[in-house]
Amino acid sequence: MNKPVLAFKKKTAMLVALVMLVALYCLAQLPQISSQESSDLASRFSFKRMLLPEPKNQTYKYVRQVHPDLKRISAWMSAIGAAVTLCDLDGDGLPNDYVLVDPRCDQVIVGPVPGTGERYKLFTLNPKGLSYDPATTAPAGSLAGDFNEDGQTDLLVYYWGRPPIIFSRQKNPLSAESFTATNVTQSETPWYTGAATLSDLDGDGHQDLIFANYLPDGQRILDPKDKGRILLQDTNSRAFNGGRKHVFLWSKDCYQEIADVFDKDVTGGWALAQGCQDLNGDLLPEIYFAHDMGPDRLLLNNSQPGKLKFSLLEGRSSLSTPSSFILGDDSFKGMGADFGDINGDGLYDIYVSNISCPYGLEECHYLWLNNGKIDDTKSGIAPYVQASEDLGLSRGGWGWDCRLADFDNDSTPEAVQAKGFFKGKINRWAEAQSLGGMNSEMLRHPLNWPSFKPGDDLAGHDRNSFFVKDKDGRYYDLAAQLNLDDQALSRGIAIADVDGDGKLDFAMANQWGDSYFFHNQSPTNNSFINLRLLLPLNAVAAEKVEEIADTTKLPPTIAAIGAEATITMPDGKILRAQVDGGSGHSGKRSHEIHFGLGNWPANKTMLVKLRFRNRQGQIQSTSINLLPGRHTLLLGAQ
């Protein structure tokens with residue numbers, strides 16, 4: 001071949017390679033909107049930041065005391081624990097009380113949300129009368145609920161280092177002395193719980209408990225004096241040797257643990273988040289477990305009263321779908337999970353936080369979009385496709401809790417995401433990447449790990465995100481414009497309309513720093529409807545729904561967790577949601593349903609369809625015409 005032809009072929013090959021590089025670069029870039037478009041989107045939102053108060057004269061620490069095997073990775077092992085719940089503890093009909101877990105002092109702090117009045121004095125929960133070693137135990141999160149079904153809101157706290165404790169409400173006014181501490185289980189085996197949820201799993205009309213543990217049960221992770229050996233994950237992508245899932249069914253005297261509910265690869269997944277939501281319309285909640293170092297699990301609920309039964313749902317592959325984009329076959333780092341309807345089709349989608357750090361671990365956050373093929377669940381097929389890249393939600397940071405909520409009441413949810421791992425001055429991404437490729441036989445032994453100590457940094461300067469949907473159908477992060485892009489090592493996100501003004505607020509729990517409440521001061525005047533759905537404690541079988549105008553005259557009730565409300569808008573858009581019992585990582589929203597209604601007239605009623613299980617476990621369906629605004633509804637009333 002002559003030299004001109006060879007030169008031409010070489011130049012052609014170089015040109016093709018250059019074109020391919022440019023094309024790949026363009027594909028890798030996220031679409032952008034103009035500064036004017038960004039400003040217009042941001043103008044719909046405004047939040048006032050307020051510090052969540054804590055008791056005075058606390059002694060703070062900024063790293064945990066850990067087992068000797070873990071001392072060289074103490075920063076890594078100290079990265080979890082901040083949590084926040086918004087709820088109605090004082091019975092005034094508003095979710096204006098907060099429960100904050102602060103790892104700096106390992107206290108569970110209870111108080112009125114800032115700006116809602118000093119209705120009682122701040123206090124901390126005390127596990128008085130129980131075996132509790134603060135030197136080897138740390139609270140990791142809380143749940144609000146009526147666990148003994150006496151008509152008062154109790155609190156449950158879960159831990160690193162022991163099984164959970166229920167703090168039952170005994171008397172008014174609110175104080176530390178208002179609660180009596182009781183163990184959920186008599187077992188003294190150390191637990192390391194990553195998430196907890198309240199839900200009626202077997203359809204008997206009573207709320208059950210699910211605890212998803214992270215580190216293996218029984219180890220002494222927080223005991224610097226223990227002489228035993230510590231074992232960590234046995235792989236970075238298919239780890240099933242983590243803490244167990246523990247399920248407790250409600251009974252009149254106490255909760256009863258049910259053994260062997262899930263298969264081995266579900267039970268032993270390293271769980272950091274979970275959620276319960278009825279996906280197929282039978283009012284039995286399906287369960288989503290978000291697993292670190294292994295595939296997430298979506299379980300179809302086939303239970304009957306007193307008999308739990310779940311089967312695995314998995315997505316299906318195609319020529320154009322990477323295996324990691326198939327639900328149940330992923331190997332990403334699930335750290336947060338939330339249910340919501342991203343596109344207004346009346347079907348529940350699933351938003352999941354992972355790790356997606358540029359030049360670090362470039363994985364992917366998930367948005368599992370419901371494809372509507374609900375009948376496929378009967379064949380074990382998860383009716384979901386991965387859509388986060390198309391929607392603009394796939395990239396950016398080391399994620400934890402993630403939430404879908406409508407903060408400007410335009411009937412389209414925004415997406416909020418907590419981010420960051422541990423903060424310091426020495427970048428440890430090279431060590432983290434070497435850890436990701438470590439031989440599995442070495443990985444489970446922490447003495448083989450690279451060092452991650454105080455002063456080291458891993459995704460410590462990630463910024464929290466606030467995604468807003470534009471008219472092109474994609475979400476764009478406006479956190480910087482709204483002064484919400486904290487570098488605060490955030491963990492839990494709790495959402496509620498705390499002051500009843502019709503605008504959803506949120507609280508953010510931060511690791512090794514102050515935590516904050518964000519009061520929604522959106523300038524928009526869109527309509528809304530907020531539903532507080534309650535069941536009478538006295539078991540009845542009526543389908544009637546009664547609006548309670550004077551909530552001081554309510555009979556003894558319990559939150560109707562799992563109940564569903566549906567509204568069809570004039571344009572055919574379907575608004576549908578269920579009362580949430582604690583989905584997510586370490587943030588817990590209030591037990592209310594909130595819909596933004598856009599420009600719906602204030603004097604025009606809408607038909608609200610309700611489905612729920614009454615106190616005998618029977619499925620009930622009813623409808624009621626309501627005006628926009630806040631409503632307290634008694635379900636199954638006579």
# chains A, B, ... in the order shown; residues from 1 in each chain; ligands from 1
call {"tool": "residues_around", "arguments": {"residues": "Pro285 (chain A)", "least_positions_apart": "4", "cutoff": "12 Å", "atoms": "only C-alpha atoms", "output": "ChimeraX atom specification"}}
result
/A:197-203,207-208,210,275-281,298-304,308-310,339,561-564,578-581,583,612-613
call {"tool": "select_by_dssp", "arguments": {"residues": "region 48-264 of chain A", "states": "strand (DSSP E)", "output": "VMD selection string"}}
result
chain A and resid 48 to 51 83 to 87 97 to 102 107 to 112 123 to 124 138 to 145 154 to 160 165 to 169 179 to 183 193 to 199 208 to 213 245 to 249 256 to 258
call {"tool": "residues_around", "arguments": {"residues": "region 351-357 of chain A", "least_positions_apart": "4", "cutoff": "6 Å", "atoms": "only C-alpha atoms", "output": "PyMOL selection string"}}
result
chain A and resi 333-338+361-367+395-400
call {"tool": "select_by_dssp", "arguments": {"residues": "region 261-433 of chain A", "states": "alpha helix (DSSP H)", "output": "list in words"}}
result
Lys264, Asp265, Val266, Thr267, Ser388, Glu389, Asp390, Leu391, Trp429, Ala430, Glu431, Ala432 and Gln433 of chain A
call {"tool": "closest_residue", "arguments": {"among": "A:Ala271, A:Leu232, A:Leu86, A:Ala507", "to": "Ile73 (chain A)", "atoms": "only C-alpha atoms"}}
result
A:Leu232
call {"tool": "atom_distance", "arguments": {"atom1": "CA of Gly636 (chain A)", "atom2": "CA of Lys544 (chain A)"}}
result
5.3 Å
call {"tool": "closest_residue", "arguments": {"among": "A:Thr557, A:Asn148, A:Thr153, A:Thr137", "to": "Pro224 (chain A)", "atoms": "only C-alpha atoms"}}
result
A:Thr137
call {"tool": "residues_around", "arguments": {"residues": "region 181-190 of chain A", "least_positions_apart": "4", "cutoff": "8 Å", "atoms": "only C-alpha atoms", "output": "JSON, numbers by chain"}}
result
{"A": [126, 127, 128, 129, 130, 160, 161, 162, 163, 164, 165, 166, 167, 168, 217, 218, 219, 220, 254, 255, 257]}
call {"tool": "write_last_selection", "arguments": {"atoms": "N, CA, C and O atoms", "output": "JSON list (two decimals), in the first residue's frame"}}
result
[["chain", "number", "residue", "atom", "x", "y", "z"],
["A", 126, "ASN", "N", -35.29, 9.10, 77.75],
["A", 126, "ASN", "CA", -34.41, 8.37, 78.67],
["A", 126, "ASN", "C", -34.92, 6.94, 78.79],
["A", 126, "ASN", "O", -36.04, 6.71, 79.24],
["A", 127, "PRO", "N", -34.10, 5.95, 78.39],
["A", 127, "PRO", "CA", -34.53, 4.54, 78.50],
["A", 127, "PRO", "C", -34.47, 4.04, 79.94],
["A", 127, "PRO", "O", -33.86, 3.00, 80.24],
["A", 128, "LYS", "N", -35.10, 4.79, 80.83],
["A", 128, "LYS", "CA", -35.05, 4.49, 82.26],
["A", 128, "LYS", "C", -35.64, 3.12, 82.55],
["A", 128, "LYS", "O", -36.70, 2.76, 82.04],
["A", 129, "GLY", "N", -34.95, 2.35, 83.37],
["A", 129, "GLY", "CA", -35.42, 1.04, 83.78],
["A", 129, "GLY", "C", -34.99, -0.08, 82.88],
["A", 129, "GLY", "O", -35.23, -1.26, 83.18],
["A", 130, "LEU", "N", -34.33, 0.23, 81.76],
["A", 130, "LEU", "CA", -33.87, -0.81, 80.83],
["A", 130, "LEU", "C", -32.35, -0.92, 80.86],
["A", 130, "LEU", "O", -31.65, 0.04, 81.21],
["A", 160, "TRP", "N", -27.77, 1.64, 67.06],
["A", 160, "TRP", "CA", -26.58, 0.84, 66.81],
["A", 160, "TRP", "C", -26.12, 0.33, 68.17],
["A", 160, "TRP", "O", -25.77, 1.12, 69.04],
["A", 161, "GLY", "N", -26.15, -1.00, 68.36],
["A", 161, "GLY", "CA", -25.65, -1.58, 69.59],
["A", 161, "GLY", "C", -26.67, -2.30, 70.44],
["A", 161, "GLY", "O", -26.30, -2.98, 71.39],
["A", 162, "ARG", "N", -27.98, -2.18, 70.09],
["A", 162, "ARG", "CA", -29.01, -2.89, 70.84],
["A", 162, "ARG", "C", -30.31, -2.90, 70.02],
["A", 162, "ARG", "O", -30.47, -2.12, 69.08],
["A", 163, "PRO", "N", -31.27, -3.78, 70.38],
["A", 163, "PRO", "CA", -32.57, -3.76, 69.72],
["A", 163, "PRO", "C", -33.36, -2.49, 70.07],
["A", 163, "PRO", "O", -33.03, -1.78, 71.03],
["A", 164, "PRO", "N", -34.43, -2.20, 69.33],
["A", 164, "PRO", "CA", -35.19, -0.95, 69.52],
["A", 164, "PRO", "C", -35.93, -0.90, 70.85],
["A", 164, "PRO", "O", -36.18, -1.91, 71.52],
["A", 165, "ILE", "N", -36.32, 0.34, 71.22],
["A", 165, "ILE", "CA", -37.08, 0.61, 72.43],
["A", 165, "ILE", "C", -38.33, 1.40, 72.06],
["A", 165, "ILE", "O", -38.25, 2.37, 71.28],
["A", 166, "ILE", "N", -39.48, 1.01, 72.61],
["A", 166, "ILE", "CA", -40.71, 1.79, 72.47],
["A", 166, "ILE", "C", -40.87, 2.67, 73.70],
["A", 166, "ILE", "O", -40.77, 2.20, 74.84],
["A", 167, "PHE", "N", -41.10, 3.96, 73.48],
["A", 167, "PHE", "CA", -41.37, 4.92, 74.54],
["A", 167, "PHE", "C", -42.87, 5.24, 74.49],
["A", 167, "PHE", "O", -43.32, 6.02, 73.65],
["A", 168, "SER", "N", -43.63, 4.60, 75.36],
["A", 168, "SER", "CA", -45.09, 4.73, 75.36],
["A", 168, "SER", "C", -45.52, 5.98, 76.12],
["A", 168, "SER", "O", -45.08, 6.22, 77.25],
["A", 217, "ASP", "N", -25.79, -8.65, 63.01],
["A", 217, "ASP", "CA", -26.25, -8.75, 64.39],
["A", 217, "ASP", "C", -25.21, -9.47, 65.24],
["A", 217, "ASP", "O", -24.55, -10.41, 64.79],
["A", 218, "GLY", "N", -25.09, -9.03, 66.49],
["A", 218, "GLY", "CA", -24.27, -9.76, 67.45],
["A", 218, "GLY", "C", -22.85, -9.27, 67.63],
["A", 218, "GLY", "O", -22.20, -9.60, 68.62],
["A", 219, "GLN", "N", -22.32, -8.47, 66.68],
["A", 219, "GLN", "CA", -20.96, -7.98, 66.82],
["A", 219, "GLN", "C", -20.93, -6.78, 67.78],
["A", 219, "GLN", "O", -21.94, -6.13, 68.02],
["A", 220, "ARG", "N", -19.78, -6.48, 68.30],
["A", 220, "ARG", "CA", -19.62, -5.38, 69.27],
["A", 220, "ARG", "C", -18.93, -4.20, 68.58],
["A", 220, "ARG", "O", -17.81, -3.82, 68.91],
["A", 254, "CYS", "N", -48.15, -7.57, 73.19],
["A", 254, "CYS", "CA", -46.83, -7.10, 72.77],
["A", 254, "CYS", "C", -46.64, -7.49, 71.31],
["A", 254, "CYS", "O", -47.43, -8.24, 70.74],
["A", 255, "TYR", "N", -45.58, -6.96, 70.71],
["A", 255, "TYR", "CA", -45.24, -7.36, 69.35],
["A", 255, "TYR", "C", -44.55, -8.72, 69.38],
["A", 255, "TYR", "O", -43.73, -9.00, 70.25],
["A", 257, "GLU", "N", -42.17, -11.36, 67.27],
["A", 257, "GLU", "CA", -41.28, -11.50, 66.12],
["A", 257, "GLU", "C", -41.61, -12.77, 65.36],
["A", 257, "GLU", "O", -41.82, -13.84, 65.95]]
call {"tool": "decode", "arguments": {"residues": "region 435-495 of chain A", "atoms": "C-alpha atoms", "output": "PDB file, in the first residue's frame"}}
result
ATOM      1  CA  LEU A 435     -11.217  -0.764  48.478  1.00  0.00           C
ATOM      2  CA  GLY A 436     -13.806  -1.191  45.711  1.00  0.00           C
ATOM      3  CA  GLY A 437     -11.488  -3.590  43.875  1.00  0.00           C
ATOM      4  CA  MET A 438     -10.236  -5.520  46.885  1.00  0.00           C
ATOM      5  CA  ASN A 439     -10.320  -9.310  46.892  1.00  0.00           C
ATOM      6  CA  SER A 440     -13.489 -10.447  48.659  1.00  0.00           C
ATOM      7  CA  GLU A 441     -11.580 -12.809  50.954  1.00  0.00           C
ATOM      8  CA  MET A 442      -9.631  -9.809  52.259  1.00  0.00           C
ATOM      9  CA  LEU A 443     -12.506  -7.336  52.196  1.00  0.00           C
ATOM     10  CA  ARG A 444     -14.454  -8.875  55.069  1.00  0.00           C
ATOM     11  CA  HIS A 445     -11.518  -8.334  57.462  1.00  0.00           C
ATOM     12  CA  PRO A 446     -11.322  -4.625  58.409  1.00  0.00           C
ATOM     13  CA  LEU A 447      -7.616  -4.849  59.245  1.00  0.00           C
ATOM     14  CA  ASN A 448      -7.029  -5.156  55.485  1.00  0.00           C
ATOM     15  CA  TRP A 449      -8.869  -1.920  54.713  1.00  0.00           C
ATOM     16  CA  PRO A 450      -7.148   1.358  53.880  1.00  0.00           C
ATOM     17  CA  SER A 451      -7.132   3.870  56.710  1.00  0.00           C
ATOM     18  CA  PHE A 452     -10.119   6.246  57.058  1.00  0.00           C
ATOM     19  CA  LYS A 453      -9.588   8.326  60.192  1.00  0.00           C
ATOM     20  CA  PRO A 454     -10.657  11.771  61.457  1.00  0.00           C
ATOM     21  CA  GLY A 455      -9.166  14.403  59.167  1.00  0.00           C
ATOM     22  CA  ASP A 456      -9.751  12.289  56.059  1.00  0.00           C
ATOM     23  CA  ASP A 457     -12.324  13.311  53.452  1.00  0.00           C
ATOM     24  CA  LEU A 458     -14.600  11.221  51.280  1.00  0.00           C
ATOM     25  CA  ALA A 459     -17.399  13.092  49.497  1.00  0.00           C
ATOM     26  CA  GLY A 460     -17.268  15.483  52.447  1.00  0.00           C
ATOM     27  CA  HIS A 461     -18.042  18.522  50.338  1.00  0.00           C
ATOM     28  CA  ASP A 462     -20.991  17.198  48.344  1.00  0.00           C
ATOM     29  CA  ARG A 463     -23.918  19.598  48.224  1.00  0.00           C
ATOM     30  CA  ASN A 464     -27.535  18.746  48.989  1.00  0.00           C
ATOM     31  CA  SER A 465     -29.900  18.858  46.009  1.00  0.00           C
ATOM     32  CA  PHE A 466     -33.340  20.331  45.354  1.00  0.00           C
ATOM     33  CA  PHE A 467     -34.560  19.179  41.936  1.00  0.00           C
ATOM     34  CA  VAL A 468     -37.402  20.967  40.120  1.00  0.00           C
ATOM     35  CA  LYS A 469     -39.123  19.729  36.965  1.00  0.00           C
ATOM     36  CA  ASP A 470     -39.011  22.058  33.953  1.00  0.00           C
ATOM     37  CA  LYS A 471     -41.382  22.166  30.993  1.00  0.00           C
ATOM     38  CA  ASP A 472     -38.999  19.900  29.023  1.00  0.00           C
ATOM     39  CA  GLY A 473     -39.822  17.079  31.454  1.00  0.00           C
ATOM     40  CA  ARG A 474     -36.373  16.985  33.074  1.00  0.00           C
ATOM     41  CA  TYR A 475     -35.405  17.871  36.629  1.00  0.00           C
ATOM     42  CA  TYR A 476     -32.796  20.544  37.383  1.00  0.00           C
ATOM     43  CA  ASP A 477     -30.969  21.132  40.657  1.00  0.00           C
ATOM     44  CA  LEU A 478     -31.834  24.575  42.025  1.00  0.00           C
ATOM     45  CA  ALA A 479     -30.383  24.105  45.515  1.00  0.00           C
ATOM     46  CA  ALA A 480     -27.709  26.768  44.972  1.00  0.00           C
ATOM     47  CA  GLN A 481     -30.255  29.406  43.910  1.00  0.00           C
ATOM     48  CA  LEU A 482     -32.412  28.595  46.937  1.00  0.00           C
ATOM     49  CA  ASN A 483     -29.549  28.502  49.462  1.00  0.00           C
ATOM     50  CA  LEU A 484     -30.225  24.823  50.141  1.00  0.00           C
ATOM     51  CA  ASP A 485     -26.946  23.412  48.777  1.00  0.00           C
ATOM     52  CA  ASP A 486     -25.395  22.697  52.174  1.00  0.00           C
ATOM     53  CA  GLN A 487     -22.102  20.835  52.566  1.00  0.00           C
ATOM     54  CA  ALA A 488     -23.361  19.488  55.851  1.00  0.00           C
ATOM     55  CA  LEU A 489     -23.057  15.668  55.671  1.00  0.00           C
ATOM     56  CA  SER A 490     -26.845  15.426  55.645  1.00  0.00           C
ATOM     57  CA  ARG A 491     -28.645  12.160  56.389  1.00  0.00           C
ATOM     58  CA  GLY A 492     -32.384  12.249  57.158  1.00  0.00           C
ATOM     59  CA  ILE A 493     -35.151  14.316  55.539  1.00  0.00           C
ATOM     60  CA  ALA A 494     -38.534  14.663  57.280  1.00  0.00           C
ATOM     61  CA  ILE A 495     -41.476  16.381  55.544  1.00  0.00           C
TER      62      ILE A 495
END
